Amino acid sequence: MTSRRAIVREGLTVGIATGAYGISFGALSVAAGLSLLQTQALSLLLFSGGSQFAFVGLVAGGLGGAPAAIATSTLLGLRNGLYGLQVAKMLQVSGRRRALAAHLTIDESTAVGVAQPEERAGRLGFWATGIAVFVLWNLMTLVGAVIGDALGDPRTYGLDAAAAAAFCGLLWPRLKSRDAVAIAGLAALVAVLVAPHAPAGVPVLVAAMSALLAALWPAAHRDPAPPHHWADEGREADR
């Protein structure tokens with residue numbers, strides 16, 4: 001079993017990489033005309049980077065950008081809903097903990113959780129990553145909102161690539177066949193081609209769809225079964 005310290009360290013690393021980009025959101029939000037309180041409320045209550053950037057873009061650009069912003073936020077919400085189907089089996093929580101888990105169900109917490117080899121490790125990975133991202137994202141949002149003007153464009157420091165780099169680190173060990181590497185390369189190429197012409201968040205969704213279609217191709221080789229073995233999967237196998 002993966003050690004608890006290693007799992008927590010992984011979650012914290014992803015949290016730092018993702019949370020760092022919250023500086024950009026805080027700076028852009030204040031520049032778009034939102035107050036410090038409104039900016040912080042978005043990160044605390046909405047807590048969805050793509051949807052937050054879409055909202056700020058709508059405020060800054062006016063009603064002309066409303067269709068794209070609404071479409072982006074809706075697609076991102078549906079994506080998180082799909083994550084919830086997998087996370088619910090892993091966490092098996094109810095009541096207030098279920099509501100908290102739903103709030104923390106994002107790309108990063110889901111990725112770290114399902115990548116673990118055992119159910120208990122998966123739960124720890126989910127919670128460690130979700131809490132780390134939530135705390136650091138909100139903290140960096142505050143920093144960006146306060147010192148946004150002095151900071152300048154956060155992209156100058158490469159903060160816009162931090163979260164993507166963290167995801168590449170999570171993905172790389174899972175590419176265990178030539179087809180998997182080829183599919184990942186195809187998805188990356190699609191994202192790069194779509195990014196200049198689509199709102200934030202949409203290139204990721206389009207790339208994911210292209211990867212899914214490629215993986216369903218009849219000639220594609222199959223990777224080994226996922227490393228995680230949740231308790232309910234074992235029960236279903238016995239039936």
# chains A, B, ... in the order shown; residues from 1 in each chain; ligands from 1

call {"tool": "residues_around", "arguments": {"residues": "Arg123 (chain A)", "least_positions_apart": "3", "cutoff": "12 Å", "atoms": "only C-alpha atoms", "output": "MDAnalysis selection string"}}
result
chainID A and resid 4 7:8 11 86:93 101 105 109:120 126:130 228 230

call {"tool": "atom_distance", "arguments": {"atom1": "CA of Met140 (chain A)", "atom2": "CA of Gly22 (chain A)"}}
result
4.9 Å

call {"tool": "atom_distance", "arguments": {"atom1": "CA of Asn80 (chain A)", "atom2": "CA of Leu104 (chain A)"}}
result
9.9 Å

call {"tool": "closest_residue", "arguments": {"among": "A:Leu100, A:Leu12, A:Val30, A:Val146", "to": "Phe53 (chain A)", "atoms": "only C-alpha atoms"}}
result
A:Val30

call {"tool": "closest_residue", "arguments": {"among": "A:Ser24, A:Ser48, A:Ser3, A:Gln38", "to": "Phe134 (chain A)", "atoms": "only C-alpha atoms"}}
result
A:Ser48

call {"tool": "atom_distance", "arguments": {"atom1": "CA of Ile16 (chain A)", "atom2": "CA of Ser29 (chain A)"}}
result
20.5 Å

call {"tool": "closest_residue", "arguments": {"among": "A:Ala187, A:Val143, A:Ala31, A:Leu46", "to": "Ala208 (chain A)", "atoms": "only C-alpha atoms"}}
result
A:Ala187

call {"tool": "closest_residue", "arguments": {"among": "A:Ile131, A:Gly15, A:Val206, A:Ser51", "to": "Val192 (chain A)", "atoms": "only C-alpha atoms"}}
result
A:Val206

call {"tool": "select_by_dssp", "arguments": {"residues": "region 43-162 of chain A", "states": "alpha helix (DSSP H)", "output": "PyMOL selection string"}}
result
chain A and resi 49-61+66-91+95-103+107-114+119-151+162

call {"tool": "write_last_selection", "arguments": {"atoms": "C-alpha atoms", "output": "mmCIF file, in the first residue's frame"}}
result
data_model
loop_
_atom_site.group_PDB
_atom_site.id
_atom_site.type_symbol
_atom_site.label_atom_id
_atom_site.label_comp_id
_atom_site.auth_asym_id
_atom_site.auth_seq_id
_atom_site.Cartn_x
_atom_site.Cartn_y
_atom_site.Cartn_z
ATOM 1 C CA GLY A 49 -11.610 27.541 -11.901
ATOM 2 C CA GLY A 50 -12.988 27.290 -15.433
ATOM 3 C CA SER A 51 -16.440 28.547 -14.435
ATOM 4 C CA GLN A 52 -14.920 31.366 -12.387
ATOM 5 C CA PHE A 53 -12.821 32.577 -15.310
ATOM 6 C CA ALA A 54 -15.866 32.317 -17.582
ATOM 7 C CA PHE A 55 -17.906 34.462 -15.175
ATOM 8 C CA VAL A 56 -15.184 37.086 -14.913
ATOM 9 C CA GLY A 57 -14.887 37.113 -18.700
ATOM 10 C CA LEU A 58 -18.627 37.750 -18.937
ATOM 11 C CA VAL A 59 -18.392 40.648 -16.472
ATOM 12 C CA ALA A 60 -15.455 42.160 -18.338
ATOM 13 C CA GLY A 61 -16.799 41.610 -21.858
ATOM 14 C CA ALA A 66 -22.736 35.472 -22.399
ATOM 15 C CA PRO A 67 -23.500 32.468 -24.667
ATOM 16 C CA ALA A 68 -19.897 31.244 -24.632
ATOM 17 C CA ALA A 69 -19.528 31.813 -20.882
ATOM 18 C CA ILE A 70 -22.781 30.007 -20.079
ATOM 19 C CA ALA A 71 -21.938 27.108 -22.401
ATOM 20 C CA THR A 72 -18.482 26.745 -20.885
ATOM 21 C CA SER A 73 -19.774 26.775 -17.305
ATOM 22 C CA THR A 74 -22.511 24.267 -18.154
ATOM 23 C CA LEU A 75 -20.098 21.839 -19.796
ATOM 24 C CA LEU A 76 -17.686 22.119 -16.880
ATOM 25 C CA GLY A 77 -20.528 21.435 -14.451
ATOM 26 C CA LEU A 78 -21.554 18.320 -16.384
ATOM 27 C CA ARG A 79 -17.953 17.142 -16.326
ATOM 28 C CA ASN A 80 -17.825 17.427 -12.543
ATOM 29 C CA GLY A 81 -21.110 15.539 -12.362
ATOM 30 C CA LEU A 82 -19.510 12.637 -14.216
ATOM 31 C CA TYR A 83 -16.602 12.760 -11.778
ATOM 32 C CA GLY A 84 -19.109 12.446 -8.964
ATOM 33 C CA LEU A 85 -20.289 9.053 -10.206
ATOM 34 C CA GLN A 86 -16.800 7.613 -9.726
ATOM 35 C CA VAL A 87 -16.002 9.514 -6.545
ATOM 36 C CA ALA A 88 -19.242 8.485 -4.825
ATOM 37 C CA LYS A 89 -18.300 4.793 -5.087
ATOM 38 C CA MET A 90 -14.867 5.512 -3.689
ATOM 39 C CA LEU A 91 -15.794 7.744 -0.750
ATOM 40 C CA GLY A 95 -24.886 13.783 5.028
ATOM 41 C CA ARG A 96 -22.626 16.777 5.521
ATOM 42 C CA ARG A 97 -19.527 14.889 4.402
ATOM 43 C CA ARG A 98 -21.256 14.063 1.134
ATOM 44 C CA ALA A 99 -22.050 17.749 0.573
ATOM 45 C CA LEU A 100 -18.425 18.666 1.350
ATOM 46 C CA ALA A 101 -17.159 15.944 -0.983
ATOM 47 C CA ALA A 102 -19.381 17.282 -3.768
ATOM 48 C CA HIS A 103 -17.892 20.750 -3.296
ATOM 49 C CA ASP A 107 -10.282 17.605 -11.715
ATOM 50 C CA GLU A 108 -7.384 17.425 -9.296
ATOM 51 C CA SER A 109 -9.026 15.632 -6.366
ATOM 52 C CA THR A 110 -10.640 13.097 -8.684
ATOM 53 C CA ALA A 111 -7.413 12.426 -10.575
ATOM 54 C CA VAL A 112 -5.341 11.818 -7.455
ATOM 55 C CA GLY A 113 -8.065 9.751 -5.799
ATOM 56 C CA VAL A 114 -8.748 7.303 -8.626
ATOM 57 C CA GLU A 119 -9.811 2.220 -1.810
ATOM 58 C CA ARG A 120 -8.470 3.645 1.457
ATOM 59 C CA ALA A 121 -5.568 5.299 -0.347
ATOM 60 C CA GLY A 122 -8.000 6.701 -2.908
ATOM 61 C CA ARG A 123 -10.101 8.328 -0.204
ATOM 62 C CA LEU A 124 -7.044 9.876 1.402
ATOM 63 C CA GLY A 125 -5.795 11.119 -1.979
ATOM 64 C CA PHE A 126 -9.157 12.714 -2.740
ATOM 65 C CA TRP A 127 -9.481 14.523 0.573
ATOM 66 C CA ALA A 128 -5.833 15.580 0.777
ATOM 67 C CA THR A 129 -5.900 17.022 -2.737
ATOM 68 C CA GLY A 130 -9.337 18.595 -2.510
ATOM 69 C CA ILE A 131 -8.576 20.376 0.767
ATOM 70 C CA ALA A 132 -5.124 21.476 -0.411
ATOM 71 C CA VAL A 133 -6.492 22.945 -3.631
ATOM 72 C CA PHE A 134 -9.409 24.630 -1.837
ATOM 73 C CA VAL A 135 -7.225 26.300 0.788
ATOM 74 C CA LEU A 136 -4.465 27.386 -1.577
ATOM 75 C CA TRP A 137 -6.803 28.463 -4.376
ATOM 76 C CA ASN A 138 -8.696 30.744 -2.002
ATOM 77 C CA LEU A 139 -5.519 32.058 -0.405
ATOM 78 C CA MET A 140 -3.960 32.854 -3.784
ATOM 79 C CA THR A 141 -7.216 34.425 -4.967
ATOM 80 C CA LEU A 142 -6.937 36.844 -2.063
ATOM 81 C CA VAL A 143 -3.284 37.554 -2.857
ATOM 82 C CA GLY A 144 -4.070 38.173 -6.519
ATOM 83 C CA ALA A 145 -6.979 40.467 -5.696
ATOM 84 C CA VAL A 146 -4.896 42.530 -3.263
ATOM 85 C CA ILE A 147 -1.669 42.868 -5.240
ATOM 86 C CA GLY A 148 -2.967 42.275 -8.765
ATOM 87 C CA ASP A 149 -1.848 45.634 -10.124
ATOM 88 C CA ALA A 150 1.649 45.276 -8.704
ATOM 89 C CA LEU A 151 1.936 41.675 -9.871
ATOM 90 C CA ALA A 162 1.347 25.058 -13.276
#

call {"tool": "closest_residue", "arguments": {"among": "A:Lys176, A:Leu37, A:Leu213, A:Phe47", "to": "Gly19 (chain A)", "atoms": "only C-alpha atoms"}}
result
A:Phe47
